[in-house]
file start_4.cif (mmCIF, C-alpha atoms)
data_target
#
loop_
_atom_site.label_atom_id
_atom_site.label_comp_id
_atom_site.auth_asym_id
_atom_site.auth_seq_id
_atom_site.Cartn_x
_atom_site.Cartn_y
_atom_site.Cartn_z
CA MET Z 1 7.36 -22.91 28.43
CA ASP Z 2 5.69 -20.79 25.80
CA SER Z 3 4.01 -23.01 23.21
CA ASP Z 4 5.39 -20.73 20.47
CA PHE Z 5 8.94 -21.28 21.60
CA PHE Z 6 9.75 -24.27 19.42
CA PRO Z 7 8.30 -22.90 16.15
CA ASN Z 8 10.08 -19.60 16.82
CA TRP Z 9 13.32 -21.35 17.52
CA ILE Z 10 13.05 -23.45 14.36
CA THR Z 11 12.28 -20.34 12.32
CA GLN Z 12 15.26 -18.41 13.68
CA MET Z 13 17.59 -21.37 13.25
CA ARG Z 14 16.55 -21.77 9.63
CA LYS Z 15 16.99 -18.07 9.00
CA GLY Z 16 20.50 -18.19 10.37
CA LEU Z 17 21.43 -21.28 8.42
CA LEU Z 18 19.93 -20.14 5.14
CA GLU Z 19 22.80 -17.78 4.39
CA LEU Z 20 25.32 -20.49 5.09
CA SER Z 21 23.34 -22.80 2.82
CA VAL Z 22 23.29 -20.28 -0.02
CA LEU Z 23 27.05 -19.84 0.12
CA ALA Z 24 27.51 -23.60 0.46
CA ALA Z 25 25.34 -24.22 -2.61
CA LEU Z 26 27.66 -21.97 -4.62
CA LYS Z 27 30.82 -23.71 -3.47
CA GLY Z 28 32.53 -24.88 -6.63
CA ASN Z 29 29.37 -24.14 -8.67
CA ARG Z 30 28.14 -21.36 -10.87
CA LEU Z 31 24.41 -21.32 -10.48
CA TYR Z 32 21.60 -19.03 -11.52
CA GLY Z 33 19.08 -17.84 -8.98
CA TYR Z 34 16.34 -20.29 -9.85
CA ASP Z 35 18.79 -23.19 -9.57
CA ILE Z 36 19.90 -22.11 -6.10
CA VAL Z 37 16.31 -21.78 -4.98
CA LYS Z 38 15.35 -25.21 -6.22
CA ARG Z 39 18.43 -26.87 -4.71
CA LEU Z 40 17.80 -25.37 -1.30
CA SER Z 41 14.05 -26.00 -1.49
CA GLY Z 42 14.94 -29.67 -1.75
CA VAL Z 43 16.53 -29.55 1.73
CA GLY Z 44 13.72 -30.43 4.09
CA GLY Z 45 12.46 -27.51 6.14
CA LEU Z 46 15.24 -25.11 5.20
CA VAL Z 47 13.43 -22.77 2.83
CA MET Z 48 10.09 -21.47 4.10
CA SER Z 49 9.41 -19.40 1.01
CA GLU Z 50 11.51 -19.52 -2.12
CA GLY Z 51 11.62 -15.76 -2.52
CA THR Z 52 13.72 -15.32 0.62
CA ILE Z 53 16.80 -16.50 -1.30
CA TYR Z 54 16.88 -13.49 -3.64
CA PRO Z 55 17.36 -10.72 -1.05
CA ILE Z 56 20.14 -12.80 0.49
CA LEU Z 57 21.86 -13.09 -2.88
CA SER Z 58 21.47 -9.36 -3.42
CA ARG Z 59 23.01 -8.59 -0.03
CA PHE Z 60 25.85 -11.02 -0.65
CA LYS Z 61 26.55 -9.27 -3.92
CA LYS Z 62 26.66 -5.87 -2.21
CA GLU Z 63 29.01 -7.29 0.41
CA GLY Z 64 31.24 -8.72 -2.30
CA LEU Z 65 30.69 -12.36 -1.31
CA VAL Z 66 29.25 -13.32 -4.71
CA GLU Z 67 29.44 -11.92 -8.20
CA THR Z 68 27.17 -12.32 -11.18
CA THR Z 69 27.65 -12.99 -14.87
CA LEU Z 70 25.07 -12.93 -17.59
CA VAL Z 71 25.08 -16.05 -19.76
CA GLU Z 72 23.00 -16.51 -22.89
CA SER Z 73 20.44 -19.27 -22.58
CA THR Z 74 19.00 -21.46 -25.29
CA GLU Z 75 15.70 -21.56 -23.40
CA GLY Z 76 15.06 -17.83 -23.28
CA PRO Z 77 16.67 -14.57 -22.20
CA ALA Z 78 20.17 -14.40 -20.73
CA ARG Z 79 20.45 -15.84 -17.24
CA LYS Z 80 22.23 -14.25 -14.33
CA TYR Z 81 24.64 -16.71 -12.78
CA TYR Z 82 26.02 -16.34 -9.28
CA LEU Z 83 29.44 -17.50 -8.20
CA LEU Z 84 31.49 -17.09 -5.06
CA THR Z 85 34.21 -14.45 -4.95
CA ILE Z 86 37.45 -15.08 -3.08
CA LYS Z 87 35.96 -13.15 -0.17
CA GLY Z 88 32.86 -15.32 -0.40
CA GLN Z 89 34.93 -18.48 -0.34
CA GLN Z 90 36.79 -17.25 2.74
CA MET Z 91 33.53 -16.32 4.43
CA LEU Z 92 32.06 -19.72 3.62
CA ALA Z 93 35.11 -21.41 5.15
CA HIS Z 94 34.72 -19.33 8.32
CA MET Z 95 31.02 -20.03 8.52
CA LEU Z 96 31.42 -23.76 7.94
CA ALA Z 97 34.10 -23.90 10.60
CA ALA Z 98 31.88 -21.98 13.03
CA TRP Z 99 28.94 -24.20 12.19
CA ALA Z 100 31.02 -27.36 12.69
CA GLU Z 101 32.25 -26.03 16.01
CA VAL Z 102 28.71 -25.29 17.21
CA ARG Z 103 27.37 -28.59 15.91
CA ASP Z 104 30.18 -30.57 17.53
CA GLY Z 105 29.81 -28.61 20.74
CA ILE Z 106 26.13 -29.38 20.90
CA ASP Z 107 26.82 -33.02 20.14
CA HIS Z 108 29.30 -33.17 22.98
CA VAL Z 109 26.96 -31.41 25.39
CA SER Z 110 24.03 -33.57 24.49
CA THR Z 111 26.03 -36.78 24.89
CA GLY Z 112 27.58 -35.63 28.15
CA GLN Z 113 31.15 -35.58 26.79
CA THR Z 114 33.71 -32.85 27.49
CA PRO Z 115 34.66 -31.00 24.27
CA MET B 1 9.68 -13.31 -21.39
CA THR B 2 6.61 -15.19 -20.16
CA VAL B 3 3.29 -14.29 -21.75
CA LEU B 4 0.60 -13.75 -19.11
CA THR B 5 -3.14 -13.24 -19.23
CA ASP B 6 -4.29 -9.72 -18.31
CA SER B 7 -5.29 -10.69 -14.79
CA ALA B 8 -2.04 -12.58 -14.24
CA ALA B 9 -0.01 -9.64 -15.61
CA GLY B 10 -1.77 -7.28 -13.22
CA ARG B 11 -1.12 -9.62 -10.31
CA LEU B 12 2.55 -9.96 -11.20
CA HIS B 13 2.90 -6.20 -11.51
CA ASP B 14 1.46 -5.80 -8.02
CA TYR B 15 3.63 -8.54 -6.63
CA LEU B 16 6.80 -6.99 -8.03
CA THR B 17 5.73 -3.63 -6.63
CA GLN B 18 5.27 -5.29 -3.26
CA VAL B 19 8.82 -6.64 -3.58
CA ARG B 20 10.15 -3.11 -4.19
CA VAL B 21 8.16 -1.67 -1.32
CA ALA B 22 9.15 -4.43 1.09
CA LEU B 23 12.82 -3.95 0.33
CA ALA B 24 12.78 -0.15 0.01
CA ALA B 25 13.67 0.27 3.66
CA HIS B 26 16.68 -2.07 3.40
CA PRO B 27 19.64 -0.30 1.80
CA ASP B 28 21.74 -3.46 2.03
CA VAL B 29 19.51 -5.09 -0.61
CA SER B 30 18.94 -3.91 -4.18
CA SER B 31 15.21 -4.09 -4.73
CA GLU B 32 15.67 -3.74 -8.49
CA GLU B 33 18.03 -6.69 -8.60
CA VAL B 34 15.68 -8.84 -6.51
CA THR B 35 12.78 -7.83 -8.73
CA ALA B 36 14.77 -8.91 -11.80
CA ASP B 37 15.61 -12.21 -10.09
CA VAL B 38 11.96 -12.86 -9.29
CA GLN B 39 11.00 -12.06 -12.87
CA GLU B 40 13.65 -14.48 -14.10
CA HIS B 41 12.38 -17.08 -11.62
CA ILE B 42 8.90 -16.81 -13.06
CA ASP B 43 10.19 -16.90 -16.63
CA THR B 44 12.05 -20.10 -15.82
CA GLU B 45 9.03 -21.67 -14.15
CA PHE B 46 6.94 -21.11 -17.27
CA ALA B 47 9.67 -21.55 -19.89
CA HIS B 48 7.90 -24.55 -21.39
CA VAL B 49 4.39 -23.13 -21.36
CA ASN B 50 3.43 -22.17 -24.91
CA ARG B 51 0.27 -20.20 -24.09
CA PRO B 52 -0.57 -17.27 -21.83
CA VAL B 53 -0.08 -18.16 -18.18
CA THR B 54 -3.28 -17.89 -16.16
CA LEU B 55 -3.74 -16.17 -12.84
CA GLU B 56 -4.17 -19.49 -11.04
CA GLU B 57 -0.89 -20.84 -12.43
CA LEU B 58 0.92 -17.67 -11.48
CA GLU B 59 -0.60 -17.67 -7.99
CA ALA B 60 0.83 -21.14 -7.38
CA VAL B 61 4.36 -19.89 -8.16
CA LEU B 62 3.89 -16.70 -6.12
CA ALA B 63 2.66 -18.78 -3.19
CA ARG B 64 5.92 -20.74 -3.27
CA LEU B 65 7.91 -17.52 -3.47
CA GLY B 66 6.04 -16.26 -0.43
CA PRO B 67 4.94 -12.79 0.69
CA PRO B 68 7.71 -10.22 0.01
CA ASN B 69 7.16 -8.44 3.30
CA GLN B 70 8.69 -11.47 5.04
CA TRP B 71 11.84 -11.59 2.93
CA ALA B 72 13.57 -8.60 4.38
CA ASN B 73 13.73 -10.15 7.84
CA VAL B 74 15.69 -13.20 6.69
CA GLY B 75 19.36 -13.44 7.52
CA VAL B 76 21.91 -12.09 9.97
CA ASN B 77 20.33 -8.63 10.01
CA SER B 78 17.16 -10.06 11.46
CA GLN B 79 16.14 -9.22 14.99
CA ALA B 80 18.14 -10.87 17.73
CA PHE B 81 16.32 -13.80 19.22
CA THR B 82 16.39 -14.52 22.90
CA ASN B 83 13.79 -16.93 24.21
CA GLY B 84 11.31 -15.52 21.71
CA VAL B 85 11.72 -11.91 22.93
CA ALA B 86 14.04 -9.30 21.42
CA PRO B 87 16.01 -7.29 24.03
CA PHE B 88 15.23 -3.57 23.88
CA ASP B 89 17.88 -1.49 22.18
CA GLY B 90 17.13 2.23 21.84
CA LYS B 91 19.25 2.76 18.73
CA GLU B 92 17.91 -0.36 17.10
CA PHE B 93 14.38 0.73 17.97
CA LEU B 94 14.93 4.11 16.27
CA ARG B 95 16.50 2.43 13.26
CA GLU B 96 13.55 0.06 13.02
CA LEU B 97 11.12 2.96 13.40
CA ARG B 98 12.86 4.84 10.58
CA ARG B 99 12.85 1.71 8.43
CA LYS B 100 9.14 1.15 9.02
CA SER B 101 8.35 4.81 8.34
CA ARG B 102 10.19 4.57 5.04
CA GLY B 103 8.25 1.40 4.29
CA VAL B 104 4.90 3.10 4.97
CA LEU B 105 5.89 6.13 2.88
CA ALA B 106 7.06 3.85 0.09
CA THR B 107 3.72 2.03 0.23
CA LEU B 108 1.85 5.33 0.03
CA TRP B 109 3.83 6.80 -2.84
CA ARG B 110 4.89 3.83 -4.89
CA GLY B 111 2.20 1.33 -4.28
CA PRO B 112 1.20 -1.37 -4.58
CA GLU B 113 -2.12 0.10 -5.59
CA ASP B 114 -4.07 -2.56 -3.78
CA TRP B 115 -2.82 -1.28 -0.43
CA ARG B 116 -2.00 2.34 -1.24
CA LEU B 117 -5.58 3.16 -2.19
CA PRO B 118 -7.09 1.66 0.99
CA TYR B 119 -4.61 3.57 3.17
CA LEU B 120 -5.43 6.83 1.40
CA THR B 121 -9.14 6.09 1.57
CA PHE B 122 -9.03 5.52 5.30
CA GLY B 123 -6.89 8.60 5.90
CA LEU B 124 -9.30 10.81 3.97
CA THR B 125 -12.25 9.27 5.83
CA LEU B 126 -10.65 10.17 9.15
CA LEU B 127 -10.10 13.73 7.93
CA ALA B 128 -13.76 14.16 6.95
CA PRO B 129 -14.94 15.80 10.23
CA VAL B 130 -12.17 18.40 9.92
CA THR B 131 -12.83 19.14 6.25
CA LEU B 132 -16.63 19.27 6.65
CA GLY B 133 -17.08 16.10 4.66
CA PHE B 134 -15.15 17.20 1.59
CA THR B 135 -12.50 14.50 1.95
CA LEU B 136 -15.24 11.95 2.53
CA LEU B 137 -16.26 12.29 -1.12
CA LEU B 138 -12.64 11.78 -2.19
CA ALA B 139 -12.41 8.80 0.15
CA TYR B 140 -15.58 7.40 -1.37
CA LEU B 141 -14.18 7.69 -4.90
CA LEU B 142 -10.88 6.10 -3.90
CA GLY B 143 -12.77 3.38 -2.04
CA ARG B 144 -14.82 2.59 -5.11
CA ALA B 145 -11.63 2.54 -7.18
CA THR B 146 -10.11 0.06 -4.71
CA VAL B 147 -13.13 -2.22 -4.94
CA GLU B 148 -13.04 -2.09 -8.75
CA LEU B 149 -9.30 -2.75 -8.84
CA ALA B 150 -9.64 -5.81 -6.64
CA HIS B 151 -12.54 -7.00 -8.75
CA GLU B 152 -10.56 -6.60 -11.99
CA LYS B 153 -7.70 -8.62 -10.54
CA GLY B 154 -10.02 -11.30 -9.25
CA GLN B 155 -8.76 -10.75 -5.71
CA PRO B 156 -10.90 -10.65 -2.56
CA LEU B 157 -10.66 -7.35 -0.65
CA GLY B 158 -9.77 -9.22 2.53
CA ALA B 159 -8.52 -7.02 5.35
CA ARG B 160 -8.59 -3.98 3.08
CA ARG B 161 -12.36 -3.82 3.46
CA TRP B 162 -11.90 -2.36 6.95
CA LEU B 163 -10.06 0.59 5.42
CA VAL B 164 -12.37 1.06 2.45
CA TYR B 165 -15.89 0.24 3.57
CA PRO B 166 -16.40 3.04 6.15
CA ALA B 167 -16.34 5.77 3.47
CA ILE B 168 -18.49 3.74 1.08
CA LEU B 169 -20.97 2.89 3.84
CA ILE B 170 -21.29 6.49 5.01
CA VAL B 171 -21.75 7.99 1.52
CA ASN B 172 -23.89 5.22 0.05
CA GLY B 173 -25.88 4.82 3.26
CA SER B 174 -26.60 8.57 3.38
CA LEU B 175 -27.58 8.58 -0.28
CA LEU B 176 -29.86 5.57 0.18
CA PHE B 177 -31.46 7.07 3.28
CA GLY B 178 -31.96 10.40 1.49
CA LEU B 179 -33.53 8.70 -1.51
CA LEU B 180 -35.86 6.58 0.59
CA PHE B 181 -36.91 9.04 3.30
CA GLY B 182 -35.83 12.51 2.12
CA PRO B 183 -39.10 13.48 0.41
CA ALA B 184 -41.14 12.08 3.31
CA LEU B 185 -39.14 14.08 5.83
CA ILE B 186 -39.60 17.25 3.79
CA ALA B 187 -43.33 16.61 3.36
CA GLY B 188 -43.78 15.68 7.02
CA ASN B 189 -41.83 18.70 8.16
CA TYR B 190 -43.89 21.00 5.93
CA ALA B 191 -47.12 19.44 7.18
CA GLY B 192 -45.93 19.86 10.76
CA LEU B 193 -45.13 23.52 10.16
CA GLU B 194 -48.54 24.13 8.64
CA PHE B 195 -50.25 22.37 11.52
CA ASN B 196 -48.19 24.31 14.04
CA HIS B 197 -49.06 27.56 12.32
CA ALA B 198 -52.75 26.72 12.46
CA ILE B 199 -52.55 25.78 16.16
CA ARG B 200 -50.66 28.97 16.93
CA SER B 201 -53.28 30.93 15.05
CA GLU B 202 -56.05 29.34 17.12
CA ARG B 203 -54.26 30.13 20.34
CA ASP B 204 -53.86 33.74 19.23
CA GLY B 205 -57.63 34.11 19.06
CA TRP B 206 -58.41 32.86 15.60
CA PRO B 207 -61.85 31.26 15.26
CA THR B 208 -61.98 27.55 16.06
CA GLY B 209 -64.53 24.71 15.97
CA GLU B 210 -68.05 26.08 16.02
CA ARG B 211 -66.92 29.49 14.84
CA ILE B 212 -65.32 27.98 11.74
CA ALA B 213 -68.54 26.15 10.92
CA LYS B 214 -70.37 29.45 11.03
CA THR B 215 -67.69 31.06 8.93
CA ARG B 216 -67.94 28.29 6.37
CA ALA B 217 -71.72 28.69 6.15
CA GLN B 218 -71.36 32.46 5.78
CA TYR B 219 -68.63 32.07 3.18
CA ASP B 220 -70.60 29.50 1.15
CA ALA B 221 -73.66 31.72 1.19
CA MET B 222 -71.66 34.68 -0.03
CA ARG B 223 -70.02 32.62 -2.76
CA LYS B 224 -73.42 31.32 -3.96
CA ALA B 225 -74.60 34.89 -4.20
CA SER B 226 -71.46 35.61 -6.26
CA THR B 227 -70.69 38.45 -3.94
CA LEU B 228 -67.77 38.69 -1.62
CA PRO B 229 -68.22 41.99 0.09
CA MET B 230 -64.99 41.89 1.91
CA PRO B 231 -61.42 43.07 1.24
CA ASP B 232 -58.96 40.61 -0.32
CA ALA B 233 -57.06 40.30 2.95
CA ASP B 234 -60.23 39.23 4.78
CA ARG B 235 -61.19 36.81 2.06
CA ALA B 236 -57.73 35.24 2.26
CA TYR B 237 -58.17 35.04 6.02
CA TYR B 238 -61.45 33.14 5.73
CA GLU B 239 -60.12 30.86 3.03
CA ARG B 240 -57.13 30.04 5.13
CA ILE B 241 -59.23 29.21 8.16
CA LEU B 242 -61.60 27.10 6.14
CA ALA B 243 -58.70 25.20 4.60
CA VAL B 244 -57.61 23.90 8.01
CA PRO B 245 -58.60 20.23 8.35
CA ARG B 246 -61.22 19.37 10.91
CA GLN B 247 -58.86 17.30 13.09
CA MET B 248 -56.71 20.33 13.67
CA HIS B 249 -59.55 22.23 15.28
CA VAL B 250 -59.74 19.89 18.23
CA THR B 251 -56.11 18.89 18.67
CA SER B 252 -53.73 21.55 19.78
CA ASP B 253 -50.72 19.87 21.30
CA SER B 254 -47.33 18.84 19.85
CA GLY B 255 -48.41 15.18 19.83
CA GLY B 256 -51.13 16.15 17.42
CA GLU B 257 -48.59 17.90 15.29
CA MET B 258 -46.45 14.77 15.15
CA VAL B 259 -49.40 12.50 14.33
CA PHE B 260 -50.52 14.87 11.64
CA ALA B 261 -46.99 15.09 10.20
CA VAL B 262 -46.63 11.30 10.11
CA LEU B 263 -50.08 10.79 8.58
CA ALA B 264 -49.39 13.48 6.03
CA ALA B 265 -46.00 11.97 5.19
CA ILE B 266 -47.27 8.44 4.49
CA GLY B 267 -49.03 9.39 1.28
CA PRO B 268 -46.17 11.25 -0.40
CA LEU B 269 -43.77 8.59 0.88
CA ALA B 270 -45.81 5.81 -0.71
CA VAL B 271 -45.96 7.72 -4.00
CA TRP B 272 -42.25 8.40 -3.88
CA TRP B 273 -41.41 4.77 -3.13
CA ALA B 274 -43.66 3.64 -5.94
CA ILE B 275 -41.76 5.93 -8.33
CA LEU B 276 -38.44 4.72 -6.93
CA GLY B 277 -39.58 1.11 -7.27
CA LEU B 278 -40.55 1.65 -10.90
CA VAL B 279 -37.20 3.28 -11.68
CA MET B 280 -35.34 0.50 -9.86
CA TRP B 281 -37.41 -2.08 -11.70
CA SER B 282 -36.66 -0.49 -15.07
CA PHE B 283 -32.96 0.19 -14.45
CA PRO B 284 -31.58 -2.50 -12.12
CA LYS B 285 -28.05 -1.92 -13.41
CA LEU B 286 -28.26 1.68 -12.25
CA VAL B 287 -28.90 0.54 -8.67
CA THR B 288 -26.08 -1.98 -8.53
CA THR B 289 -23.67 0.49 -10.12
CA ILE B 290 -24.44 3.36 -7.75
CA PHE B 291 -24.57 1.24 -4.61
CA HIS B 292 -21.81 -1.22 -5.44
CA PRO B 293 -20.78 -3.21 -3.42
CA LEU B 294 -23.57 -2.70 -0.85
CA LEU B 295 -26.47 -3.72 -3.11
CA ASP B 296 -24.70 -6.27 -5.30
CA GLY B 297 -27.47 -8.76 -4.55
CA TYR B 298 -30.18 -6.44 -5.92
CA ASP B 299 -32.27 -7.49 -8.92
CA TRP B 300 -35.26 -6.02 -10.78
CA LEU B 301 -37.74 -8.05 -8.73
CA HIS B 302 -36.92 -6.00 -5.63
CA GLY B 303 -37.89 -2.82 -7.47
CA LEU B 304 -41.14 -4.39 -8.63
CA ARG B 305 -41.99 -5.47 -5.08
CA LEU B 306 -41.24 -1.99 -3.73
CA ALA B 307 -43.44 -0.34 -6.38
CA THR B 308 -46.32 -2.78 -5.78
CA CYS B 309 -46.26 -2.54 -1.98
CA SER B 310 -45.98 1.26 -2.13
CA GLY B 311 -48.91 1.44 -4.52
CA ILE B 312 -51.06 -0.62 -2.15
CA VAL B 313 -50.04 1.55 0.82
CA PHE B 314 -50.90 4.68 -1.16
CA VAL B 315 -54.37 3.40 -2.05
CA ILE B 316 -55.07 2.54 1.60
CA TRP B 317 -53.74 5.93 2.73
CA ALA B 318 -55.74 7.82 0.14
CA GLY B 319 -58.96 6.08 1.19
CA THR B 320 -58.31 6.77 4.88
CA ALA B 321 -57.29 10.38 4.25
CA GLN B 322 -60.44 11.06 2.27
CA ARG B 323 -62.56 9.80 5.17
CA ILE B 324 -60.65 11.87 7.75
CA TRP B 325 -60.28 15.13 5.84
#
call {"tool": "encode", "arguments": {"input": "start_4.cif", "output": "structure tokens"}}
result
Amino acid sequence: MDSDFFPNWITQMRKGLLELSVLAALKGNRLYGYDIVKRLSGVGGLVMSEGTIYPILSRFKKEGLVETTLVESTEGPARKYYLLTIKGQQMLAHMLAAWAEVRDGIDHVSTGQTP
Amino acid sequence: MTVLTDSAAGRLHDYLTQVRVALAAHPDVSSEEVTADVQEHIDTEFAHVNRPVTLEELEAVLARLGPPNQWANVGVNSQAFTNGVAPFDGKEFLRELRRKSRGVLATLWRGPEDWRLPYLTFGLTLLAPVTLGFTLLLAYLLGRATVELAHEKGQPLGARRWLVYPAILIVNGSLLFGLLFGPALIAGNYAGLEFNHAIRSERDGWPTGERIAKTRAQYDAMRKASTLPMPDADRAYYERILAVPRQMHVTSDSGGEMVFAVLAAIGPLAVWWAILGLVMWSFPKLVTTIFHPLLDGYDWLHGLRLATCSGIVFVIWAGTAQRIW
């Protein structure tokens, strides 16, 4: 097997899960970009470079999954906070369900059980 | 807003431009919004720093943010992954081609400067044979600008040197070669022409060897008597023959011409190099400025050495030439 297979696989898996993680981080929270980045950076191996979060947030905003509000900050200029829209909450629920299904399916397969 | 040192501000400006360029080909992402987010990220990182942020401190944050050209590929729009190889899709291929073309155009027109200039430099260098070298001069100027820009920002040129150095090498190398050998080539060529003319004259029946000796004796006798009973044209003829060095009377092949040209060129070359050495010794900054970055390691001692060695060569040449001619 190609020696690059595993690193490639890990990279692609992280990429796919990063969007789910961004939406999950916003579940029930109103966070500004830096906060989201730092929260996800704390999850081992999930964020390869912190900047990748911002294009995802921008795309989510265009797709109507998140919305932003500017809030004055005592520590400097106004901060842009992200929060999930109703559509975003529904999407997160779908994604979490899909993720759980895949995870459970893999668990079953790997343990030899029938799903 | 974070206060940055000049070098850090320049680096951040470039980085944000790279963000815009990297995302320009992705209409599903607002590059302006991402740029604002990155700026806010940096402001937050340095919120508690009460002095200008240095380039090193900024670089650490930018390293964590990562290279912008990798951001656009993150997420569900990224290439499908099957055992490490993406299946070929004609439409997707065309879309990707269009996206990349827009990315290249965006790089060319909107920067960042640190890559736009090298691309333009290389393009103009490639066009030089078609434009008879005109674009090479433009490429050289842009190449120098690229080198200066990188220097100002404290960045190494890195891979950009492959795009920039060809034009600088060609122009600076030609200039250096011309300065070092140009006068010698001209002098050698002139000497060769003179020699050739003399040889041709001999072959056409002009007096040679013994006949010239007789002519010289006759000419000297006439000059001592202060009488030159001959027309101006004849006098010029004799003077010309008598001016031909002795070695040329016996050697009449092209090898002799070459030897004579080389011998004749050594003297002027040594004088010229001595002058060059003195100028380079007196104005070392001039050398490093003109030939930057090729002669960055030059110092005044090199000029002094060149002048000294050339002076010695000239003295040896002059002594030898006097004996021969």
call {"tool": "interface_residues", "arguments": {"input": "start_4.cif", "of": "chain B", "to": "chain Z", "cutoff": "6 Å", "atoms": "all atoms listed in the file", "output": "PyMOL selection string"}}
result
chain B and resi 28-29+34+41+64-66+71+74-75
call {"tool": "closest_residue", "arguments": {"input": "start_4.cif", "among": "B:Pro129, B:Gly267, B:Pro118, B:Gly319", "to": "Trp162 (chain B)", "atoms": "all atoms listed in the file"}}
result
B:Pro118
call {"tool": "residues_around", "arguments": {"input": "start_4.cif", "residues": "region 89-93 of chain Z", "least_positions_apart": "3", "cutoff": "10 Å", "atoms": "all atoms listed in the file", "output": "PDB file with C-alpha atoms, in the frame of the given file"}}
result
ATOM      1  CA  GLU Z  19      22.800 -17.780   4.390  1.00  0.00           C
ATOM      2  CA  LEU Z  20      25.320 -20.490   5.090  1.00  0.00           C
ATOM      3  CA  SER Z  21      23.340 -22.800   2.820  1.00  0.00           C
ATOM      4  CA  VAL Z  22      23.290 -20.280  -0.020  1.00  0.00           C
ATOM      5  CA  LEU Z  23      27.050 -19.840   0.120  1.00  0.00           C
ATOM      6  CA  ALA Z  24      27.510 -23.600   0.460  1.00  0.00           C
ATOM      7  CA  LEU Z  26      27.660 -21.970  -4.620  1.00  0.00           C
ATOM      8  CA  LYS Z  27      30.820 -23.710  -3.470  1.00  0.00           C
ATOM      9  CA  GLY Z  28      32.530 -24.880  -6.630  1.00  0.00           C
ATOM     10  CA  LEU Z  65      30.690 -12.360  -1.310  1.00  0.00           C
ATOM     11  CA  VAL Z  66      29.250 -13.320  -4.710  1.00  0.00           C
ATOM     12  CA  LEU Z  83      29.440 -17.500  -8.200  1.00  0.00           C
ATOM     13  CA  LEU Z  84      31.490 -17.090  -5.060  1.00  0.00           C
ATOM     14  CA  THR Z  85      34.210 -14.450  -4.950  1.00  0.00           C
ATOM     15  CA  ILE Z  86      37.450 -15.080  -3.080  1.00  0.00           C
ATOM     16  CA  LEU Z  96      31.420 -23.760   7.940  1.00  0.00           C
ATOM     17  CA  ALA Z  97      34.100 -23.900  10.600  1.00  0.00           C
ATOM     18  CA  ALA Z  98      31.880 -21.980  13.030  1.00  0.00           C
ATOM     19  CA  TRP Z  99      28.940 -24.200  12.190  1.00  0.00           C
TER      20      TRP Z  99
END
call {"tool": "residues_around", "arguments": {"input": "start_4.cif", "residues": "His292 (chain B)", "least_positions_apart": "5", "cutoff": "9 Å", "atoms": "all atoms listed in the file", "output": "ChimeraX atom specification"}}
result
/B:144,147,168,172,287
call {"tool": "resolve_selection", "arguments": {"input": "start_4.cif", "expression": "the PyMOL selection byres ((chain B and resi 274-280) around 7)", "output": "MDAnalysis selection string"}}
result
chainID B and resid 270:273 281:284 287 300 303:304 306:308 310:311
call {"tool": "residues_near_point", "arguments": {"input": "start_4.cif", "point": "(5.0, -21.6, -18.9)", "cutoff": "12 Å", "atoms": "all atoms listed in the file", "output": "JSON, numbers by chain"}}
result
{"Z": [75, 76], "B": [1, 2, 3, 4, 5, 41, 42, 43, 44, 45, 46, 47, 48, 49, 50, 51, 52, 53, 54, 55, 57, 58, 61]}
call {"tool": "atom_distance", "arguments": {"input": "start_4.cif", "atom1": "CA of Leu138 (chain B)", "atom2": "CA of Pro183 (chain B)"}}
result
26.6 Å
call {"tool": "closest_residue", "arguments": {"input": "start_4.cif", "among": "B:Leu301, B:Ala321, B:Leu117, B:Val130", "to": "Glu148 (chain B)", "atoms": "all atoms listed in the file"}}
result
B:Leu117
call {"tool": "atom_distance", "arguments": {"input": "start_4.cif", "atom1": "CA of Ser31 (chain B)", "atom2": "CA of Val71 (chain Z)"}}
result
21.6 Å
call {"tool": "closest_residue", "arguments": {"input": "start_4.cif", "among": "B:Thr125, B:Leu179, B:His302, B:Tyr119", "to": "Pro166 (chain B)", "atoms": "all atoms listed in the file"}}
result
B:Thr125
call {"tool": "atom_distance", "arguments": {"input": "start_4.cif", "atom1": "CA of Leu46 (chain Z)", "atom2": "CA of Gln70 (chain B)"}}
result
15.1 Å
call {"tool": "axis_aligned_box", "arguments": {"input": "start_4.cif", "around": "region 105-108 of chain Z", "padding_each_side": "8 Å", "output": "JSON"}}
result
{"center_x": 28.0, "center_y": -30.9, "center_z": 21.6, "size_x": 19.7, "size_y": 20.6, "size_z": 18.8}
call {"tool": "resolve_selection", "arguments": {"input": "start_4.cif", "expression": "the PyMOL selection byres ((chain Z and resi 69) around 8)", "output": "list in words"}}
result
Glu67, Thr68, Leu70, Val71, Lys80, Tyr81 and Tyr82 of chain Z
call {"tool": "write_last_selection", "arguments": {"input": "start_4.cif", "atoms": "C-alpha atoms", "output": "PDB file, keeping the file's coordinate frame"}}
result
ATOM      1  CA  GLU Z  67      29.440 -11.920  -8.200  1.00  0.00           C
ATOM      2  CA  THR Z  68      27.170 -12.320 -11.180  1.00  0.00           C
ATOM      3  CA  LEU Z  70      25.070 -12.930 -17.590  1.00  0.00           C
ATOM      4  CA  VAL Z  71      25.080 -16.050 -19.760  1.00  0.00           C
ATOM      5  CA  LYS Z  80      22.230 -14.250 -14.330  1.00  0.00           C
ATOM      6  CA  TYR Z  81      24.640 -16.710 -12.780  1.00  0.00           C
ATOM      7  CA  TYR Z  82      26.020 -16.340  -9.280  1.00  0.00           C
TER       8      TYR Z  82
END
call {"tool": "resolve_selection", "arguments": {"input": "start_4.cif", "expression": "the PyMOL selection byres ((chain B and resi 152) around 12)", "output": "count of residues only"}}
result
20
